[in-house]
>>> print(open('query.txt').read())   # compact mmCIF, C-alpha atoms
# COMPACT_ATOMS: atom_id res chain seq x y z
CA MET A 1 0.00 0.00 0.00
CA ARG A 2 3.00 2.32 0.27
CA ASP A 3 3.47 2.64 -3.51
CA ASN A 4 1.35 5.58 -4.68
CA PRO A 5 -1.79 4.65 -2.75
CA HIS A 6 -5.15 6.11 -3.74
CA ILE A 7 -7.56 5.27 -0.96
CA TYR A 8 -10.94 6.92 -1.13
CA PHE A 9 -12.93 7.13 2.12
CA ASP A 10 -15.19 10.07 1.20
CA ASN A 11 -18.04 8.12 -0.36
CA ASN A 12 -20.83 10.02 1.41
CA ALA A 13 -19.78 13.11 -0.56
CA ALA A 14 -19.63 11.30 -3.91
CA THR A 15 -18.56 7.85 -4.95
CA ARG A 16 -17.02 6.32 -8.06
CA LEU A 17 -19.22 5.30 -10.96
CA SER A 18 -20.83 1.91 -10.46
CA PRO A 19 -19.64 -0.84 -12.83
CA SER A 20 -22.82 -0.92 -14.91
CA VAL A 21 -22.85 2.86 -15.27
CA GLU A 22 -19.22 2.92 -16.36
CA THR A 23 -19.83 0.19 -18.95
CA TRP A 24 -22.97 1.87 -20.29
CA LEU A 25 -21.25 5.23 -20.64
CA LYS A 26 -18.35 3.71 -22.57
CA ASP A 27 -20.57 1.70 -24.91
CA ASN A 28 -23.68 3.84 -25.38
CA PHE A 29 -23.53 7.38 -24.07
CA ILE A 30 -22.43 9.17 -27.25
CA THR A 31 -25.29 7.64 -29.26
CA TYR A 32 -28.01 9.10 -26.99
CA TYR A 33 -27.78 12.73 -28.06
CA ALA A 34 -31.32 13.37 -29.31
CA ASN A 35 -33.96 15.34 -27.40
CA PRO A 36 -36.43 12.89 -25.81
CA SER A 37 -39.23 15.41 -26.39
CA SER A 38 -38.69 15.37 -30.17
CA LEU A 39 -41.29 13.58 -32.29
CA HIS A 40 -38.85 11.76 -34.55
CA LEU A 41 -37.70 8.18 -34.04
CA LEU A 42 -34.47 8.96 -32.16
CA GLY A 43 -36.30 11.21 -29.71
CA GLN A 44 -39.09 8.70 -29.17
CA LYS A 45 -36.61 5.88 -28.53
CA LEU A 46 -35.09 7.98 -25.76
CA LYS A 47 -38.54 8.83 -24.42
CA ASP A 48 -39.34 5.11 -24.19
CA MET A 49 -36.01 4.46 -22.47
CA ILE A 50 -36.74 7.14 -19.87
CA ALA A 51 -40.23 5.73 -19.25
CA ASN A 52 -38.77 2.29 -18.60
CA ASP A 53 -36.04 3.71 -16.37
CA ARG A 54 -38.62 5.73 -14.45
CA ARG A 55 -40.64 2.60 -13.68
CA CYS A 56 -37.53 0.76 -12.45
CA ILE A 57 -36.37 3.66 -10.28
CA ALA A 58 -39.83 4.14 -8.79
CA ASN A 59 -40.12 0.43 -8.04
CA PHE A 60 -36.75 0.49 -6.28
CA ILE A 61 -37.89 3.18 -3.85
CA GLY A 62 -41.34 1.71 -3.30
CA THR A 63 -43.64 3.90 -5.33
CA ASN A 64 -45.20 4.34 -8.78
CA ALA A 65 -43.68 6.01 -11.81
CA LYS A 66 -46.30 8.76 -11.78
CA ASN A 67 -45.12 9.84 -8.31
CA ILE A 68 -41.54 10.77 -9.21
CA PHE A 69 -39.94 13.42 -11.35
CA PHE A 70 -36.31 14.01 -12.25
CA THR A 71 -34.21 17.00 -11.18
CA SER A 72 -30.58 18.12 -11.29
CA GLY A 73 -29.94 16.60 -7.86
CA ALA A 74 -31.22 16.42 -4.30
CA THR A 75 -30.47 20.11 -3.72
CA GLU A 76 -32.96 21.06 -6.42
CA SER A 77 -35.41 18.45 -5.15
CA ILE A 78 -35.21 19.88 -1.64
CA ASN A 79 -35.58 23.41 -2.96
CA SER A 80 -38.61 22.28 -4.94
CA VAL A 81 -40.40 21.26 -1.74
CA LEU A 82 -39.05 23.92 0.64
CA GLN A 83 -39.82 26.85 -1.63
CA PRO A 84 -41.80 29.79 -0.23
CA ILE A 85 -44.37 29.90 -3.04
CA PHE A 86 -45.26 26.21 -2.61
CA LEU A 87 -45.79 26.56 1.13
CA GLN A 88 -47.70 29.82 0.78
CA GLU A 89 -50.01 28.40 -1.89
CA HIS A 90 -50.85 25.52 0.44
CA GLY A 91 -51.37 27.71 3.48
CA ILE A 92 -48.38 26.30 5.36
CA GLU A 93 -47.13 28.84 7.88
CA ILE A 94 -44.88 26.63 10.03
CA VAL A 95 -42.02 24.27 9.16
CA LEU A 96 -40.55 21.80 11.65
CA THR A 97 -37.00 20.66 11.16
CA SER A 98 -33.88 19.76 13.17
CA ARG A 99 -30.45 21.28 13.67
CA LEU A 100 -28.83 18.19 12.15
CA GLU A 101 -29.97 18.62 8.54
CA HIS A 102 -27.85 18.86 5.42
CA SER A 103 -27.10 22.44 4.40
CA ALA A 104 -29.43 22.06 1.40
CA VAL A 105 -32.29 21.90 3.91
CA SER A 106 -30.95 24.34 6.48
CA SER A 107 -30.29 26.99 3.81
CA CYS A 108 -33.84 26.61 2.48
CA VAL A 109 -35.16 26.92 6.02
CA GLU A 110 -33.28 30.18 6.53
CA ARG A 111 -34.84 31.53 3.35
CA LEU A 112 -38.31 30.52 4.54
CA LYS A 113 -37.79 32.63 7.64
CA ARG A 114 -37.25 35.67 5.44
CA HIS A 115 -40.61 34.95 3.83
CA SER A 116 -42.42 35.09 7.18
CA ILE A 117 -42.70 31.31 7.52
CA ARG A 118 -42.13 30.25 11.10
CA VAL A 119 -39.48 27.59 11.71
CA LEU A 120 -39.38 25.38 14.81
CA TYR A 121 -36.72 22.84 15.73
CA ILE A 122 -37.23 19.28 16.94
CA ASN A 123 -35.02 18.33 19.88
CA ASN A 124 -32.36 15.66 19.49
CA ASP A 125 -30.18 13.79 21.94
CA ALA A 126 -26.38 13.72 22.05
CA ASP A 127 -26.38 10.58 19.89
CA GLY A 128 -28.19 12.30 17.04
CA MET A 129 -31.65 10.79 17.48
CA LEU A 130 -34.68 13.04 17.14
CA CYS A 131 -37.04 13.07 20.12
CA PRO A 132 -40.42 11.53 19.15
CA GLU A 133 -42.10 13.01 22.24
CA HIS A 134 -40.99 16.52 21.36
CA LEU A 135 -42.04 16.05 17.74
CA SER A 136 -45.44 14.83 18.91
CA ALA A 137 -45.89 17.87 21.14
CA GLN A 138 -44.85 20.21 18.33
CA VAL A 139 -47.19 18.80 15.70
CA LYS A 140 -50.09 18.74 18.15
CA ALA A 141 -49.47 22.41 18.85
CA HIS A 142 -48.98 23.17 15.16
CA PRO A 143 -51.15 20.88 12.99
CA HIS A 144 -50.93 21.24 9.21
CA ALA A 145 -47.24 22.18 9.40
CA LEU A 146 -44.60 20.78 7.04
CA VAL A 147 -41.97 18.57 8.69
CA THR A 148 -38.65 17.93 6.94
CA LEU A 149 -36.62 14.94 8.15
CA LEU A 150 -33.14 13.66 7.34
CA GLY A 151 -33.45 9.88 7.10
CA ALA A 152 -29.74 9.12 7.51
CA ASN A 153 -27.20 11.74 8.50
CA ASN A 154 -24.45 12.27 5.96
CA GLU A 155 -21.89 13.21 8.63
CA THR A 156 -22.57 10.90 11.57
CA GLY A 157 -24.47 8.13 9.77
CA VAL A 158 -27.27 8.20 12.36
CA VAL A 159 -30.47 6.64 11.01
CA GLN A 160 -33.87 7.93 12.13
CA ASP A 161 -36.99 5.81 12.47
CA VAL A 162 -38.70 7.53 9.56
CA ALA A 163 -41.89 5.46 9.69
CA GLN A 164 -42.41 6.22 13.39
CA LEU A 165 -41.74 9.93 12.99
CA THR A 166 -43.93 10.16 9.91
CA ALA A 167 -46.84 8.46 11.68
CA ILE A 168 -46.62 11.06 14.45
CA CYS A 169 -46.77 13.85 11.86
CA ARG A 170 -49.53 12.40 9.74
CA ALA A 171 -51.75 11.97 12.80
CA GLN A 172 -51.90 15.78 12.92
CA ASP A 173 -52.32 16.26 9.15
CA CYS A 174 -48.76 17.49 8.77
CA LEU A 175 -46.93 17.08 5.48
CA VAL A 176 -43.60 15.23 5.66
CA HIS A 177 -40.56 15.72 3.45
CA LEU A 178 -37.75 13.15 3.61
CA ASP A 179 -34.15 13.87 2.68
CA GLY A 180 -33.32 10.29 1.75
CA VAL A 181 -30.03 10.90 -0.04
CA GLN A 182 -27.80 8.74 2.17
CA MET A 183 -30.36 5.95 2.53
CA LEU A 184 -30.16 4.69 -1.04
CA GLY A 185 -28.28 1.41 -1.34
CA LYS A 186 -27.53 1.24 2.38
CA LEU A 187 -31.05 0.90 3.79
CA PRO A 188 -34.38 -0.43 2.51
CA VAL A 189 -36.43 2.43 1.05
CA ASN A 190 -40.17 2.02 0.57
CA LEU A 191 -41.78 5.43 0.39
CA GLU A 192 -45.34 4.13 0.40
CA GLU A 193 -44.73 2.20 3.62
CA MET A 194 -42.90 5.12 5.21
CA GLY A 195 -45.88 7.33 4.54
CA VAL A 196 -43.94 10.47 3.58
CA ASP A 197 -45.46 13.09 1.28
CA TYR A 198 -42.24 14.16 -0.43
CA ALA A 199 -38.71 12.79 -0.72
CA SER A 200 -35.42 13.83 -2.31
CA PHE A 201 -32.57 11.70 -3.68
CA SER A 202 -29.32 12.04 -5.68
CA ALA A 203 -27.56 9.68 -8.08
CA HIS A 204 -23.92 10.47 -7.36
CA LYS A 205 -23.97 9.03 -3.84
CA ILE A 206 -24.48 5.50 -5.21
CA GLY A 207 -22.40 5.52 -8.40
CA GLY A 208 -24.64 7.44 -10.81
CA LEU A 209 -23.77 10.66 -12.60
CA LYS A 210 -23.64 13.99 -10.81
CA GLY A 211 -26.45 16.34 -11.74
CA MET A 212 -29.19 13.73 -11.42
CA GLY A 213 -31.82 13.71 -8.72
CA VAL A 214 -35.34 12.51 -8.00
CA THR A 215 -38.28 14.09 -6.21
CA TYR A 216 -41.12 11.95 -4.90
CA ALA A 217 -44.57 13.51 -4.51
CA ARG A 218 -47.41 11.47 -2.99
CA GLU A 219 -49.93 13.83 -4.60
CA PRO A 220 -48.27 15.20 -7.75
CA ALA A 221 -51.36 17.18 -8.77
CA GLN A 222 -50.98 19.31 -5.64
CA PHE A 223 -47.33 20.12 -6.28
CA THR A 224 -46.16 23.60 -7.28
CA PRO A 225 -43.18 23.30 -9.68
CA LEU A 226 -40.00 25.19 -8.94
CA ILE A 227 -38.84 25.18 -12.57
CA ILE A 228 -41.30 25.66 -15.42
CA GLY A 229 -40.63 25.47 -19.11
CA GLY A 230 -41.61 23.10 -21.87
CA GLY A 231 -44.00 20.94 -19.89
CA GLN A 232 -41.59 18.05 -19.25
CA GLU A 233 -42.22 15.74 -16.31
CA GLU A 234 -45.98 16.27 -16.59
CA GLY A 235 -45.39 19.93 -15.84
CA LEU A 236 -43.64 19.21 -12.54
CA ARG A 237 -40.15 20.19 -13.74
CA GLY A 238 -39.27 21.97 -16.94
CA GLY A 239 -36.05 21.42 -18.86
CA THR A 240 -34.67 19.03 -21.45
CA TYR A 241 -34.51 15.45 -20.20
CA ASN A 242 -31.04 14.27 -19.15
CA ALA A 243 -31.54 10.77 -20.53
CA GLY A 244 -28.02 9.51 -19.88
CA ALA A 245 -28.04 10.63 -16.26
CA ILE A 246 -31.47 9.06 -15.72
CA ARG A 247 -30.16 5.77 -17.09
CA SER A 248 -27.13 6.09 -14.78
CA LEU A 249 -29.40 6.31 -11.74
CA ARG A 250 -31.35 3.24 -12.76
CA LEU A 251 -28.16 1.22 -13.36
CA ALA A 252 -26.53 2.44 -10.15
CA LEU A 253 -29.60 1.45 -8.13
CA GLU A 254 -29.51 -2.01 -9.67
CA ASP A 255 -25.81 -2.33 -8.82
CA THR A 256 -26.47 -1.51 -5.16
CA ARG A 257 -28.22 -4.89 -4.91
CA HIS A 258 -24.75 -6.43 -5.18
CA TRP A 259 -23.20 -4.36 -2.42
CA ASP A 260 -21.88 -6.46 0.45
CA LEU A 261 -23.19 -4.38 3.35
CA GLU A 262 -21.96 -6.89 5.91
CA LYS A 263 -18.42 -6.53 4.57
CA ILE A 264 -18.68 -2.75 4.70
CA ALA A 265 -20.00 -2.87 8.28
CA SER A 266 -17.20 -5.23 9.27
CA MET A 267 -14.57 -2.86 7.86
CA ARG A 268 -16.17 0.09 9.66
CA ASP A 269 -16.29 -1.78 12.97
CA PHE A 270 -12.69 -2.96 12.65
CA PHE A 271 -11.60 0.59 11.85
CA GLU A 272 -13.45 2.09 14.83
CA CYS A 273 -12.12 -0.52 17.25
CA ALA A 274 -8.56 0.24 16.19
CA VAL A 275 -9.06 4.01 16.21
CA LYS A 276 -10.22 3.90 19.83
CA ASN A 277 -6.90 2.27 20.73
CA LEU A 278 -4.85 5.21 19.45
CA LYS A 279 -2.94 7.04 22.17
CA THR A 280 -4.90 10.20 21.44
CA LYS A 281 -8.06 8.61 22.92
CA ALA A 282 -10.22 9.05 19.85
CA GLN A 283 -13.99 9.09 20.28
CA ILE A 284 -16.62 7.77 17.86
CA ASN A 285 -19.40 10.30 17.52
CA CYS A 286 -22.94 8.86 17.88
CA GLU A 287 -21.49 5.42 18.48
CA ASN A 288 -24.52 4.34 20.52
CA SER A 289 -27.06 5.03 17.76
CA PHE A 290 -28.08 2.88 14.82
CA ARG A 291 -25.90 4.20 12.00
CA LEU A 292 -25.25 3.61 8.34
CA CYS A 293 -22.93 0.64 7.97
CA ASN A 294 -20.34 2.70 6.08
CA THR A 295 -20.03 5.88 8.14
CA SER A 296 -17.64 6.70 10.96
CA ASN A 297 -17.26 10.18 12.45
CA ILE A 298 -14.32 10.34 14.83
CA HIS A 299 -13.04 13.00 17.22
CA LEU A 300 -9.25 13.26 17.46
CA PRO A 301 -8.38 15.50 20.43
CA ASN A 302 -5.97 18.34 19.67
CA GLN A 303 -5.79 17.40 15.99
CA PRO A 304 -7.07 20.13 13.61
CA ALA A 305 -9.31 18.25 11.19
CA ASP A 306 -8.54 20.40 8.15
CA ALA A 307 -4.81 19.84 8.62
CA MET A 308 -5.43 16.11 9.07
CA VAL A 309 -7.40 15.98 5.81
CA MET A 310 -4.47 17.53 3.96
CA GLU A 311 -1.87 15.32 5.61
CA LEU A 312 -3.85 12.14 4.91
CA ALA A 313 -4.37 13.25 1.31
CA ARG A 314 -0.61 13.77 0.98
CA ARG A 315 -0.27 10.10 1.88
CA GLY A 316 -2.98 9.02 -0.57
CA ILE A 317 -5.93 8.76 1.83
CA TYR A 318 -8.99 10.87 1.10
CA VAL A 319 -11.41 11.69 3.92
CA ALA A 320 -13.55 14.66 4.99
CA THR A 321 -14.26 16.89 7.94
CA GLY A 322 -17.98 16.42 7.32
CA SER A 323 -20.32 17.52 4.57
CA ALA A 324 -18.46 18.77 1.50
CA CYS A 325 -20.97 21.61 1.34
CA HIS A 326 -19.86 23.42 4.51
CA GLY A 327 -16.20 23.58 3.43
CA ALA A 328 -13.71 24.35 6.19
CA GLU A 329 -16.31 25.55 8.71
CA PRO A 330 -16.71 23.35 11.82
CA SER A 331 -19.66 21.00 11.36
CA HIS A 332 -23.04 22.49 12.30
CA VAL A 333 -24.28 18.91 12.77
CA LEU A 334 -21.76 18.18 15.52
CA GLN A 335 -22.55 21.53 17.10
CA GLY A 336 -26.21 20.56 16.90
CA LEU A 337 -25.30 17.51 19.01
CA GLY A 338 -24.09 19.87 21.73
CA PHE A 339 -20.37 19.94 20.95
CA ASN A 340 -18.51 23.24 20.73
CA LYS A 341 -16.68 24.54 17.65
CA ASP A 342 -13.27 23.41 18.90
CA TYR A 343 -14.54 19.85 19.30
CA ALA A 344 -16.19 19.90 15.87
CA ALA A 345 -13.00 21.26 14.32
CA SER A 346 -11.14 18.11 15.42
CA CYS A 347 -13.50 15.57 13.83
CA LEU A 348 -13.04 13.52 10.68
CA ARG A 349 -15.59 11.55 8.67
CA PHE A 350 -14.61 8.28 7.05
CA SER A 351 -17.26 6.89 4.69
CA PHE A 352 -16.55 3.52 3.12
CA ALA A 353 -17.87 1.82 -0.01
CA ASN A 354 -18.20 -1.63 -1.48
CA PHE A 355 -14.99 -1.20 -3.51
CA ASN A 356 -12.89 -0.53 -0.38
CA HIS A 357 -11.05 -3.45 1.20
CA SER A 358 -9.36 -4.40 4.45
CA ALA A 359 -5.81 -3.63 3.28
CA GLU A 360 -6.85 -0.01 2.76
CA ILE A 361 -8.27 0.14 6.27
CA GLU A 362 -5.07 -1.25 7.71
CA TYR A 363 -2.95 1.25 5.80
CA ALA A 364 -5.12 4.14 6.96
CA LEU A 365 -4.77 3.00 10.55
CA GLU A 366 -1.01 2.72 10.13
CA VAL A 367 -0.85 6.29 8.82
CA LEU A 368 -3.09 7.62 11.59
CA HIS A 369 -0.80 5.99 14.13
CA GLU A 370 2.26 7.61 12.53
CA VAL A 371 0.66 11.06 12.28
CA ILE A 372 -1.06 11.17 15.67
CA ASP A 373 0.83 8.92 18.04
CA SER A 374 4.40 9.46 16.87
>>> encode(input="query.txt", output="structure tokens")
Amino acid sequence: MRDNPHIYFDNNAATRLSPSVETWLKDNFITYYANPSSLHLLGQKLKDMIANDRRCIANFIGTNAKNIFFTSGATESINSVLQPIFLQEHGIEIVLTSRLEHSAVSSCVERLKRHSIRVLYINNDADGMLCPEHLSAQVKAHPHALVTLLGANNETGVVQDVAQLTAICRAQDCLVHLDGVQMLGKLPVNLEEMGVDYASFSAHKIGGLKGMGVTYAREPAQFTPLIIGGGQEEGLRGGTYNAGAIRSLRLALEDTRHWDLEKIASMRDFFECAVKNLKTKAQINCENSFRLCNTSNIHLPNQPADAMVMELARRGIYVATGSACHGAEPSHVLQGLGFNKDYAASCLRFSFANFNHSAEIEYALEVLHEVIDS
């Protein structure tokens, strides 16, 4: 592993193309250049391909093809739901969220405040779990609100009981939006069983192309589009269809069925056990909660995380301080857990994938020992 290593442990930010996507792009991508909305044969062939892909994608996430529409990514999907005009047209004056959301949600929430929409926060414990009792009290006090939930945290890996939380919300006629980005491939996703009203997903977290997302709407006819144009997506999202990216999502989803989640979990557990034996007395954030099998967020006392990222990269190991979207700023998620900025600034996120292997874990541990304990 010492000879020019390239070890990628930042898979929650983006991961490499899945094998089927890579093969399809090499063999087919340049031939799919027509506009799927065109009436000629090439356009109609692409339109049929998209319709088939849509059915497969919808089936994978437990819904019907008519209930999903394609976007440029989860950020657009989230913006489509958490847009002021949509909430105002539906008479929604209050949004419930948490302090542990991805910045795509938290930024939208801040904008809603400027449009006189009231925002309330659901309590969470130090292990990153939302408090069902507090959520219940909030929705009883504020029925008909919109509640936005992060199904699996991109930084800590903590997984919420979406079905339980949704049931609490629906009992008070609240709408529920799910940020399900990190759930794909790692957890079962059945939107109909979960009972959510809206959900957002991205392709590039599971090996699809960047710039491809999906929005789920339980009642599409009641949805107010964010982007209008040529009437694509049954009027729910204007813009020329990105046929190749749609196909990449379908293929990537199919490839996730071959992921060895037990192997990934075993690597993560081995890594965390060894990290806790470092002299620096590393701590695993949210260790006591049910987490994604691939995610480990560790606190390394007195070790500036940004400097650690650069030093590990110099040695061929690629990790993150948290969400790629917040840059060098200390994680707002960790601060939302009750930690101060200094603590958050000494935390690293390792997110593993099916293509990683034990020799890479061992090398990373060796380097951490050299950098920290020497």
>>> closest_residue(input="query.txt", among="A:Ile168, A:Ala344, A:Leu146, A:Leu191", to="Leu82 (chain A)", atoms="only C-alpha atoms")
A:Leu146
>>> closest_atom_pairs(input="query.txt", of="region 71-155 of chain A", to="region 194-209 of chain A", cutoff="9 Å", atoms="all atoms listed in the file", output="JSON lines")
{"residue": "A:Thr71", "atom": "CA", "partner": "A:Ser202", "partner_atom": "CA", "distance": 8.9}
{"residue": "A:Ser72", "atom": "CA", "partner": "A:Ser202", "partner_atom": "CA", "distance": 8.4}
{"residue": "A:Gly73", "atom": "CA", "partner": "A:Ser202", "partner_atom": "CA", "distance": 5.1}
{"residue": "A:Ala74", "atom": "CA", "partner": "A:Phe201", "partner_atom": "CA", "distance": 4.9}
{"residue": "A:Thr75", "atom": "CA", "partner": "A:Ser200", "partner_atom": "CA", "distance": 8.1}
{"residue": "A:Glu76", "atom": "CA", "partner": "A:Ser200", "partner_atom": "CA", "distance": 8.7}
{"residue": "A:Ser77", "atom": "CA", "partner": "A:Ser200", "partner_atom": "CA", "distance": 5.4}
{"residue": "A:Ile78", "atom": "CA", "partner": "A:Ser200", "partner_atom": "CA", "distance": 6.1}
{"residue": "A:Val81", "atom": "CA", "partner": "A:Tyr198", "partner_atom": "CA", "distance": 7.5}
>>> write_last_selection(input="query.txt", atoms="C-alpha atoms", output="short mmCIF file (atom, residue, chain, number, x, y, z; two decimals), in the coordinates of the input")
data_model
loop_
_atom_site.label_atom_id
_atom_site.label_comp_id
_atom_site.auth_asym_id
_atom_site.auth_seq_id
_atom_site.Cartn_x
_atom_site.Cartn_y
_atom_site.Cartn_z
CA THR A 71 -34.21 17.00 -11.18
CA SER A 72 -30.58 18.12 -11.29
CA GLY A 73 -29.94 16.60 -7.86
CA ALA A 74 -31.22 16.42 -4.30
CA THR A 75 -30.47 20.11 -3.72
CA GLU A 76 -32.96 21.06 -6.42
CA SER A 77 -35.41 18.45 -5.15
CA ILE A 78 -35.21 19.88 -1.64
CA VAL A 81 -40.40 21.26 -1.74
#
>>> closest_residue(input="query.txt", among="A:Leu292, A:Val367, A:Ala152, A:Leu300", to="Ile317 (chain A)", atoms="all atoms listed in the file")
A:Val367
>>> residues_near_point(input="query.txt", point="(-12.2, 14.4, 4.1)", cutoff="10 Å", atoms="only C-alpha atoms", output="list in words")
Tyr8, Phe9, Asp10, Asn11, Ala13, Ala305, Asp306, Met308, Val309, Met310, Leu312, Ala313, Ile317, Tyr318, Val319, Ala320, Thr321, Gly322, Ser323, Ala324, Cys347, Leu348, Arg349, Phe350 and Ser351 of chain A
>>> atom_distance(input="query.txt", atom1="CA of Phe70 (chain A)", atom2="CA of Val214 (chain A)")
4.6 Å
>>> axis_aligned_box(input="query.txt", around="region 39-54 of chain A", padding_each_side="8 Å", output="lines of an AutoDock Vina configuration file")
center_x = -37.9
center_y = 7.9
center_z = -24.5
size_x = 22.8
size_y = 27.3
size_z = 36.1
>>> build_atoms(input="query.txt", residues="region 266-280 of chain A", atoms="N, CA, C and O atoms", output="compact mmCIF listing (two decimals), in the coordinates of the input")
# COMPACT_ATOMS: atom_id res chain seq x y z
N SER A 266 -18.34 -4.59 8.59
CA SER A 266 -17.20 -5.23 9.27
C SER A 266 -15.95 -4.35 9.17
O SER A 266 -15.22 -4.21 10.16
N MET A 267 -15.72 -3.76 8.02
CA MET A 267 -14.57 -2.86 7.86
C MET A 267 -14.72 -1.65 8.78
O MET A 267 -13.76 -1.23 9.44
N ARG A 268 -15.93 -1.09 8.81
CA ARG A 268 -16.17 0.09 9.66
C ARG A 268 -15.94 -0.26 11.12
O ARG A 268 -15.29 0.50 11.86
N ASP A 269 -16.45 -1.39 11.56
CA ASP A 269 -16.29 -1.78 12.97
C ASP A 269 -14.83 -2.05 13.32
O ASP A 269 -14.37 -1.66 14.41
N PHE A 270 -14.11 -2.71 12.43
CA PHE A 270 -12.69 -2.96 12.65
C PHE A 270 -11.94 -1.64 12.75
O PHE A 270 -11.09 -1.46 13.64
N PHE A 271 -12.24 -0.72 11.86
CA PHE A 271 -11.60 0.59 11.85
C PHE A 271 -11.85 1.31 13.17
O PHE A 271 -10.92 1.84 13.80
N GLU A 272 -13.11 1.34 13.62
CA GLU A 272 -13.45 2.09 14.83
C GLU A 272 -12.80 1.46 16.06
O GLU A 272 -12.34 2.18 16.96
N CYS A 273 -12.76 0.15 16.11
CA CYS A 273 -12.12 -0.52 17.25
C CYS A 273 -10.65 -0.15 17.34
O CYS A 273 -10.13 0.14 18.43
N ALA A 274 -9.97 -0.11 16.20
CA ALA A 274 -8.56 0.24 16.19
C ALA A 274 -8.34 1.71 16.50
O ALA A 274 -7.40 2.07 17.21
N VAL A 275 -9.20 2.57 15.97
CA VAL A 275 -9.06 4.01 16.21
C VAL A 275 -9.16 4.33 17.70
O VAL A 275 -8.44 5.18 18.22
N LYS A 276 -10.04 3.64 18.39
CA LYS A 276 -10.22 3.90 19.83
C LYS A 276 -9.00 3.48 20.64
O LYS A 276 -8.87 3.87 21.81
N ASN A 277 -8.11 2.70 20.04
CA ASN A 277 -6.90 2.27 20.73
C ASN A 277 -5.71 3.19 20.46
O ASN A 277 -4.60 2.93 20.95
N LEU A 278 -5.92 4.24 19.65
CA LEU A 278 -4.85 5.21 19.45
C LEU A 278 -4.56 5.92 20.77
O LEU A 278 -5.43 6.09 21.61
N LYS A 279 -3.33 6.37 20.93
CA LYS A 279 -2.94 7.04 22.17
C LYS A 279 -3.73 8.33 22.40
O LYS A 279 -3.89 8.78 23.53
N THR A 280 -4.22 8.92 21.32
CA THR A 280 -4.90 10.20 21.44
C THR A 280 -6.29 10.10 22.05
O THR A 280 -6.96 11.10 22.27
